Amino acid sequence: MSVTPDWLTKPTLLGSLVRLRPFSDGDLAPLGEALADPDVLRLTVSVHSSEEAAQRSPTPDAGQLEWHRSRNTAPDRLDLAVVDLATEACVGEAVLNEYQAPNASCNFRIFIGPKGRDRGLGTEATRLMVDYGLHVLGLHRIELSVYAFNPRAQRVYEKAGFRVEGVARDALCFDGTWIDAVLMSILSTD
């Protein structure tokens, strides 16, 4: 049996390395810069070729700015800025979205820009968000897919308790090469 999550409350979640919190206007420029990073674009599949990634501007456009501003009032999802406690800079975002009420489940996604990589920030942010989703929002299942060319992210998800459920073969064509998607989930009973 599930409860209806309170998606309008946008919490601040504190770890030893990161703070997850609602977006502020000061986050928009660093997010724009991070979202223009070729690795972020490829790993989040925001583009389908290296050439397309190279053409992305680091300055967020009006649509991107409005999108991030609107996340704090989204009634059906939770988007939080990932703030590096060492620098107090926004280095990415963590998101619970695609809520399915009858199944008490949703999707998880995260990205950490280049200024936040390789220091455990993504692992801690994932754990904080999953814990909040399962224990505060009352979700039963959180799922995600990660592309096979991103083993670093798969290790982060496994550290946070996600289990591999299967593979969607040739789910993505990037630079003319077919890439599998690894399907993962974590349950409240895990």
# chains A, B, ... in the order shown; residues from 1 in each chain; ligands from 1
call {"tool": "residues_around", "arguments": {"residues": "A:Ser24", "least_positions_apart": "4", "cutoff": "12 Å", "atoms": "only C-alpha atoms", "output": "PDB file with N, CA and C atoms, in the first residue's frame"}}
result
ATOM      1  N   LEU A  20      21.878  18.718  -0.840  1.00  0.00           N
ATOM      2  CA  LEU A  20      20.866  18.742  -1.893  1.00  0.00           C
ATOM      3  C   LEU A  20      19.810  19.733  -1.439  1.00  0.00           C
ATOM      4  N   LEU A  28      22.079  28.673 -11.751  1.00  0.00           N
ATOM      5  CA  LEU A  28      21.793  28.539 -13.179  1.00  0.00           C
ATOM      6  C   LEU A  28      23.037  28.648 -14.049  1.00  0.00           C
ATOM      7  N   ALA A  29      23.935  29.557 -13.747  1.00  0.00           N
ATOM      8  CA  ALA A  29      25.153  29.674 -14.559  1.00  0.00           C
ATOM      9  C   ALA A  29      26.043  28.437 -14.423  1.00  0.00           C
ATOM     10  N   PRO A  30      26.333  27.947 -13.183  1.00  0.00           N
ATOM     11  CA  PRO A  30      27.146  26.729 -13.096  1.00  0.00           C
ATOM     12  C   PRO A  30      26.465  25.512 -13.719  1.00  0.00           C
ATOM     13  N   LEU A  31      25.134  25.429 -13.621  1.00  0.00           N
ATOM     14  CA  LEU A  31      24.432  24.324 -14.268  1.00  0.00           C
ATOM     15  C   LEU A  31      24.548  24.414 -15.782  1.00  0.00           C
ATOM     16  N   LEU A  65      16.895  28.320 -18.354  1.00  0.00           N
ATOM     17  CA  LEU A  65      16.751  29.104 -17.130  1.00  0.00           C
ATOM     18  C   LEU A  65      15.346  28.950 -16.551  1.00  0.00           C
ATOM     19  N   GLU A  66      14.349  29.067 -17.392  1.00  0.00           N
ATOM     20  CA  GLU A  66      12.969  28.953 -16.927  1.00  0.00           C
ATOM     21  C   GLU A  66      12.684  27.539 -16.412  1.00  0.00           C
ATOM     22  N   HIS A  68      14.765  25.378 -14.967  1.00  0.00           N
ATOM     23  CA  HIS A  68      15.315  25.182 -13.627  1.00  0.00           C
ATOM     24  C   HIS A  68      14.604  26.043 -12.582  1.00  0.00           C
ATOM     25  N   ARG A  69      14.189  27.219 -12.946  1.00  0.00           N
ATOM     26  CA  ARG A  69      13.414  28.044 -12.001  1.00  0.00           C
ATOM     27  C   ARG A  69      12.091  27.373 -11.639  1.00  0.00           C
ATOM     28  N   SER A  70      11.491  26.681 -12.592  1.00  0.00           N
ATOM     29  CA  SER A  70      10.182  26.066 -12.355  1.00  0.00           C
ATOM     30  C   SER A  70      10.266  24.780 -11.541  1.00  0.00           C
ATOM     31  N   ARG A  71      11.439  24.231 -11.350  1.00  0.00           N
ATOM     32  CA  ARG A  71      11.582  22.955 -10.624  1.00  0.00           C
ATOM     33  C   ARG A  71      11.165  23.073  -9.166  1.00  0.00           C
ATOM     34  N   ASN A  72      11.317  24.226  -8.568  1.00  0.00           N
ATOM     35  CA  ASN A  72      10.997  24.383  -7.155  1.00  0.00           C
ATOM     36  C   ASN A  72       9.509  24.353  -6.877  1.00  0.00           C
ATOM     37  N   ASP A  79      13.299  17.822  -7.945  1.00  0.00           N
ATOM     38  CA  ASP A  79      14.575  18.182  -8.559  1.00  0.00           C
ATOM     39  C   ASP A  79      15.341  19.002  -7.534  1.00  0.00           C
ATOM     40  N   LEU A  80      16.557  18.578  -7.216  1.00  0.00           N
ATOM     41  CA  LEU A  80      17.366  19.300  -6.240  1.00  0.00           C
ATOM     42  C   LEU A  80      18.754  19.574  -6.802  1.00  0.00           C
ATOM     43  N   ALA A  81      19.281  20.728  -6.449  1.00  0.00           N
ATOM     44  CA  ALA A  81      20.650  21.082  -6.802  1.00  0.00           C
ATOM     45  C   ALA A  81      21.598  20.280  -5.921  1.00  0.00           C
ATOM     46  N   VAL A  82      22.697  19.818  -6.522  1.00  0.00           N
ATOM     47  CA  VAL A  82      23.762  19.141  -5.775  1.00  0.00           C
ATOM     48  C   VAL A  82      24.850  20.182  -5.517  1.00  0.00           C
ATOM     49  N   VAL A  83      25.056  20.512  -4.245  1.00  0.00           N
ATOM     50  CA  VAL A  83      26.023  21.538  -3.858  1.00  0.00           C
ATOM     51  C   VAL A  83      27.210  20.860  -3.180  1.00  0.00           C
ATOM     52  N   ALA A  89      29.598  25.365  -4.241  1.00  0.00           N
ATOM     53  CA  ALA A  89      29.173  25.553  -5.631  1.00  0.00           C
ATOM     54  C   ALA A  89      28.196  24.458  -6.035  1.00  0.00           C
ATOM     55  N   CYS A  90      27.217  24.823  -6.844  1.00  0.00           N
ATOM     56  CA  CYS A  90      26.310  23.852  -7.442  1.00  0.00           C
ATOM     57  C   CYS A  90      27.081  23.103  -8.529  1.00  0.00           C
TER      58      CYS A  90
END
call {"tool": "select_by_dssp", "arguments": {"residues": "stretch 3-115 of chain A", "states": "strand (DSSP E)", "output": "PDB file with N, CA and C atoms, in the first residue's frame"}}
result
ATOM      1  N   LEU A  13      18.696  18.278   1.947  1.00  0.00           N
ATOM      2  CA  LEU A  13      19.256  17.030   2.463  1.00  0.00           C
ATOM      3  C   LEU A  13      20.757  17.228   2.617  1.00  0.00           C
ATOM      4  N   LEU A  14      21.273  16.945   3.802  1.00  0.00           N
ATOM      5  CA  LEU A  14      22.676  17.227   4.088  1.00  0.00           C
ATOM      6  C   LEU A  14      23.457  15.953   4.315  1.00  0.00           C
ATOM      7  N   VAL A  18      27.985  16.689   0.356  1.00  0.00           N
ATOM      8  CA  VAL A  18      27.065  17.473  -0.463  1.00  0.00           C
ATOM      9  C   VAL A  18      25.849  17.910   0.324  1.00  0.00           C
ATOM     10  N   ARG A  19      25.224  18.957  -0.185  1.00  0.00           N
ATOM     11  CA  ARG A  19      23.917  19.412   0.263  1.00  0.00           C
ATOM     12  C   ARG A  19      23.023  19.354  -0.959  1.00  0.00           C
ATOM     13  N   LEU A  20      21.878  18.718  -0.840  1.00  0.00           N
ATOM     14  CA  LEU A  20      20.866  18.742  -1.893  1.00  0.00           C
ATOM     15  C   LEU A  20      19.810  19.733  -1.439  1.00  0.00           C
ATOM     16  N   ARG A  21      19.465  20.669  -2.316  1.00  0.00           N
ATOM     17  CA  ARG A  21      18.518  21.712  -1.928  1.00  0.00           C
ATOM     18  C   ARG A  21      17.787  22.218  -3.162  1.00  0.00           C
ATOM     19  N   LEU A  78      10.671  15.729  -7.886  1.00  0.00           N
ATOM     20  CA  LEU A  78      11.603  16.390  -6.981  1.00  0.00           C
ATOM     21  C   LEU A  78      12.931  16.570  -7.702  1.00  0.00           C
ATOM     22  N   ASP A  79      13.299  17.822  -7.945  1.00  0.00           N
ATOM     23  CA  ASP A  79      14.575  18.182  -8.559  1.00  0.00           C
ATOM     24  C   ASP A  79      15.341  19.002  -7.534  1.00  0.00           C
ATOM     25  N   LEU A  80      16.557  18.578  -7.216  1.00  0.00           N
ATOM     26  CA  LEU A  80      17.366  19.300  -6.240  1.00  0.00           C
ATOM     27  C   LEU A  80      18.754  19.574  -6.802  1.00  0.00           C
ATOM     28  N   ALA A  81      19.281  20.728  -6.449  1.00  0.00           N
ATOM     29  CA  ALA A  81      20.650  21.082  -6.802  1.00  0.00           C
ATOM     30  C   ALA A  81      21.598  20.280  -5.921  1.00  0.00           C
ATOM     31  N   VAL A  82      22.697  19.818  -6.522  1.00  0.00           N
ATOM     32  CA  VAL A  82      23.762  19.141  -5.775  1.00  0.00           C
ATOM     33  C   VAL A  82      24.850  20.182  -5.517  1.00  0.00           C
ATOM     34  N   VAL A  83      25.056  20.512  -4.245  1.00  0.00           N
ATOM     35  CA  VAL A  83      26.023  21.538  -3.858  1.00  0.00           C
ATOM     36  C   VAL A  83      27.210  20.860  -3.180  1.00  0.00           C
ATOM     37  N   ASP A  84      28.401  21.131  -3.678  1.00  0.00           N
ATOM     38  CA  ASP A  84      29.653  20.634  -3.112  1.00  0.00           C
ATOM     39  C   ASP A  84      29.934  21.427  -1.834  1.00  0.00           C
ATOM     40  N   ALA A  89      29.598  25.365  -4.241  1.00  0.00           N
ATOM     41  CA  ALA A  89      29.173  25.553  -5.631  1.00  0.00           C
ATOM     42  C   ALA A  89      28.196  24.458  -6.035  1.00  0.00           C
ATOM     43  N   CYS A  90      27.217  24.823  -6.844  1.00  0.00           N
ATOM     44  CA  CYS A  90      26.310  23.852  -7.442  1.00  0.00           C
ATOM     45  C   CYS A  90      27.081  23.103  -8.529  1.00  0.00           C
ATOM     46  N   VAL A  91      27.128  21.764  -8.410  1.00  0.00           N
ATOM     47  CA  VAL A  91      27.887  20.954  -9.367  1.00  0.00           C
ATOM     48  C   VAL A  91      27.010  19.994 -10.154  1.00  0.00           C
ATOM     49  N   GLY A  92      25.694  20.011  -9.905  1.00  0.00           N
ATOM     50  CA  GLY A  92      24.812  19.106 -10.634  1.00  0.00           C
ATOM     51  C   GLY A  92      23.408  19.121 -10.088  1.00  0.00           C
ATOM     52  N   GLU A  93      22.672  18.079 -10.430  1.00  0.00           N
ATOM     53  CA  GLU A  93      21.298  17.954  -9.966  1.00  0.00           C
ATOM     54  C   GLU A  93      20.965  16.486  -9.743  1.00  0.00           C
ATOM     55  N   ALA A  94      20.011  16.236  -8.840  1.00  0.00           N
ATOM     56  CA  ALA A  94      19.481  14.901  -8.578  1.00  0.00           C
ATOM     57  C   ALA A  94      17.962  15.003  -8.676  1.00  0.00           C
ATOM     58  N   VAL A  95      17.347  14.005  -9.324  1.00  0.00           N
ATOM     59  CA  VAL A  95      15.932  14.113  -9.665  1.00  0.00           C
ATOM     60  C   VAL A  95      15.194  12.794  -9.426  1.00  0.00           C
ATOM     61  N   LEU A  96      14.022  12.888  -8.805  1.00  0.00           N
ATOM     62  CA  LEU A  96      13.037  11.816  -8.785  1.00  0.00           C
ATOM     63  C   LEU A  96      11.888  12.290  -9.659  1.00  0.00           C
ATOM     64  N   ASN A  97      11.583  11.544 -10.712  1.00  0.00           N
ATOM     65  CA  ASN A  97      10.527  11.954 -11.644  1.00  0.00           C
ATOM     66  C   ASN A  97       9.792  10.741 -12.197  1.00  0.00           C
ATOM     67  N   GLU A  98       8.860  10.994 -13.088  1.00  0.00           N
ATOM     68  CA  GLU A  98       8.051   9.950 -13.726  1.00  0.00           C
ATOM     69  C   GLU A  98       7.329   9.086 -12.683  1.00  0.00           C
ATOM     70  N   TYR A  99       6.718   9.745 -11.711  1.00  0.00           N
ATOM     71  CA  TYR A  99       6.011   9.068 -10.623  1.00  0.00           C
ATOM     72  C   TYR A  99       4.827   8.269 -11.159  1.00  0.00           C
ATOM     73  N   GLN A 100       4.711   7.039 -10.687  1.00  0.00           N
ATOM     74  CA  GLN A 100       3.587   6.163 -11.011  1.00  0.00           C
ATOM     75  C   GLN A 100       2.861   5.838  -9.713  1.00  0.00           C
ATOM     76  N   SER A 105       6.143   4.114  -7.455  1.00  0.00           N
ATOM     77  CA  SER A 105       7.479   4.058  -8.043  1.00  0.00           C
ATOM     78  C   SER A 105       7.778   5.312  -8.844  1.00  0.00           C
ATOM     79  N   CYS A 106       9.053   5.527  -9.060  1.00  0.00           N
ATOM     80  CA  CYS A 106       9.464   6.636  -9.905  1.00  0.00           C
ATOM     81  C   CYS A 106      10.842   6.345 -10.477  1.00  0.00           C
ATOM     82  N   ASN A 107      11.284   7.247 -11.323  1.00  0.00           N
ATOM     83  CA  ASN A 107      12.584   7.191 -11.967  1.00  0.00           C
ATOM     84  C   ASN A 107      13.560   8.074 -11.185  1.00  0.00           C
ATOM     85  N   PHE A 108      14.838   7.731 -11.242  1.00  0.00           N
ATOM     86  CA  PHE A 108      15.894   8.552 -10.655  1.00  0.00           C
ATOM     87  C   PHE A 108      16.893   8.900 -11.741  1.00  0.00           C
ATOM     88  N   ARG A 109      17.360  10.138 -11.702  1.00  0.00           N
ATOM     89  CA  ARG A 109      18.471  10.532 -12.563  1.00  0.00           C
ATOM     90  C   ARG A 109      19.313  11.556 -11.828  1.00  0.00           C
ATOM     91  N   ILE A 110      20.577  11.616 -12.205  1.00  0.00           N
ATOM     92  CA  ILE A 110      21.512  12.540 -11.579  1.00  0.00           C
ATOM     93  C   ILE A 110      22.578  12.892 -12.597  1.00  0.00           C
ATOM     94  N   PHE A 111      23.112  14.081 -12.474  1.00  0.00           N
ATOM     95  CA  PHE A 111      24.351  14.378 -13.185  1.00  0.00           C
ATOM     96  C   PHE A 111      25.221  15.238 -12.287  1.00  0.00           C
ATOM     97  N   ILE A 112      26.508  14.993 -12.394  1.00  0.00           N
ATOM     98  CA  ILE A 112      27.515  15.777 -11.688  1.00  0.00           C
ATOM     99  C   ILE A 112      28.448  16.328 -12.757  1.00  0.00           C
TER     100      ILE A 112
END
call {"tool": "residues_around", "arguments": {"residues": "stretch 138-146 of chain A", "least_positions_apart": "4", "cutoff": "9 Å", "atoms": "only C-alpha atoms", "output": "number ranges by chain"}}
result
A: 1-5, 43-44, 96, 103-109, 130, 132-134, 150-151, 153-154, 162, 167-168, 180-189
call {"tool": "select_by_dssp", "arguments": {"residues": "stretch 46-103 of chain A", "states": "helix (DSSP H, G or I)", "output": "list of chain:residue names"}}
result
A:Ser50, A:Glu51, A:Glu52, A:Ala53, A:Ala54, A:Ala62, A:Gly63, A:Gln64, A:Leu65, A:Glu66, A:Trp67, A:His68, A:Arg69, A:Ser70, A:Arg71, A:Asn72, A:Thr73, A:Ala101, A:Pro102, A:Asn103
call {"tool": "atom_distance", "arguments": {"atom1": "atom CA of A:Thr126", "atom2": "atom CA of A:Ala160"}}
result
6.6 Å
call {"tool": "closest_residue", "arguments": {"among": "A:Ser50, A:Thr87, A:Thr73, A:Ser57", "to": "A:Thr177", "atoms": "only C-alpha atoms"}}
result
A:Ser50
call {"tool": "closest_residue", "arguments": {"among": "A:Trp67, A:Asp118, A:Arg152, A:Asp170", "to": "A:Asp25", "atoms": "only C-alpha atoms"}}
result
A:Trp67
call {"tool": "atom_distance", "arguments": {"atom1": "atom CA of A:Ser49", "atom2": "atom CA of A:Ala148"}}
result
15.8 Å
call {"tool": "atom_distance", "arguments": {"atom1": "atom CA of A:Gly113", "atom2": "atom CA of A:Ala34"}}
result
4.7 Å
call {"tool": "closest_residue", "arguments": {"among": "A:Leu17, A:Val47, A:Asp6, A:Ile179", "to": "A:Arg117", "atoms": "only C-alpha atoms"}}
result
A:Leu17
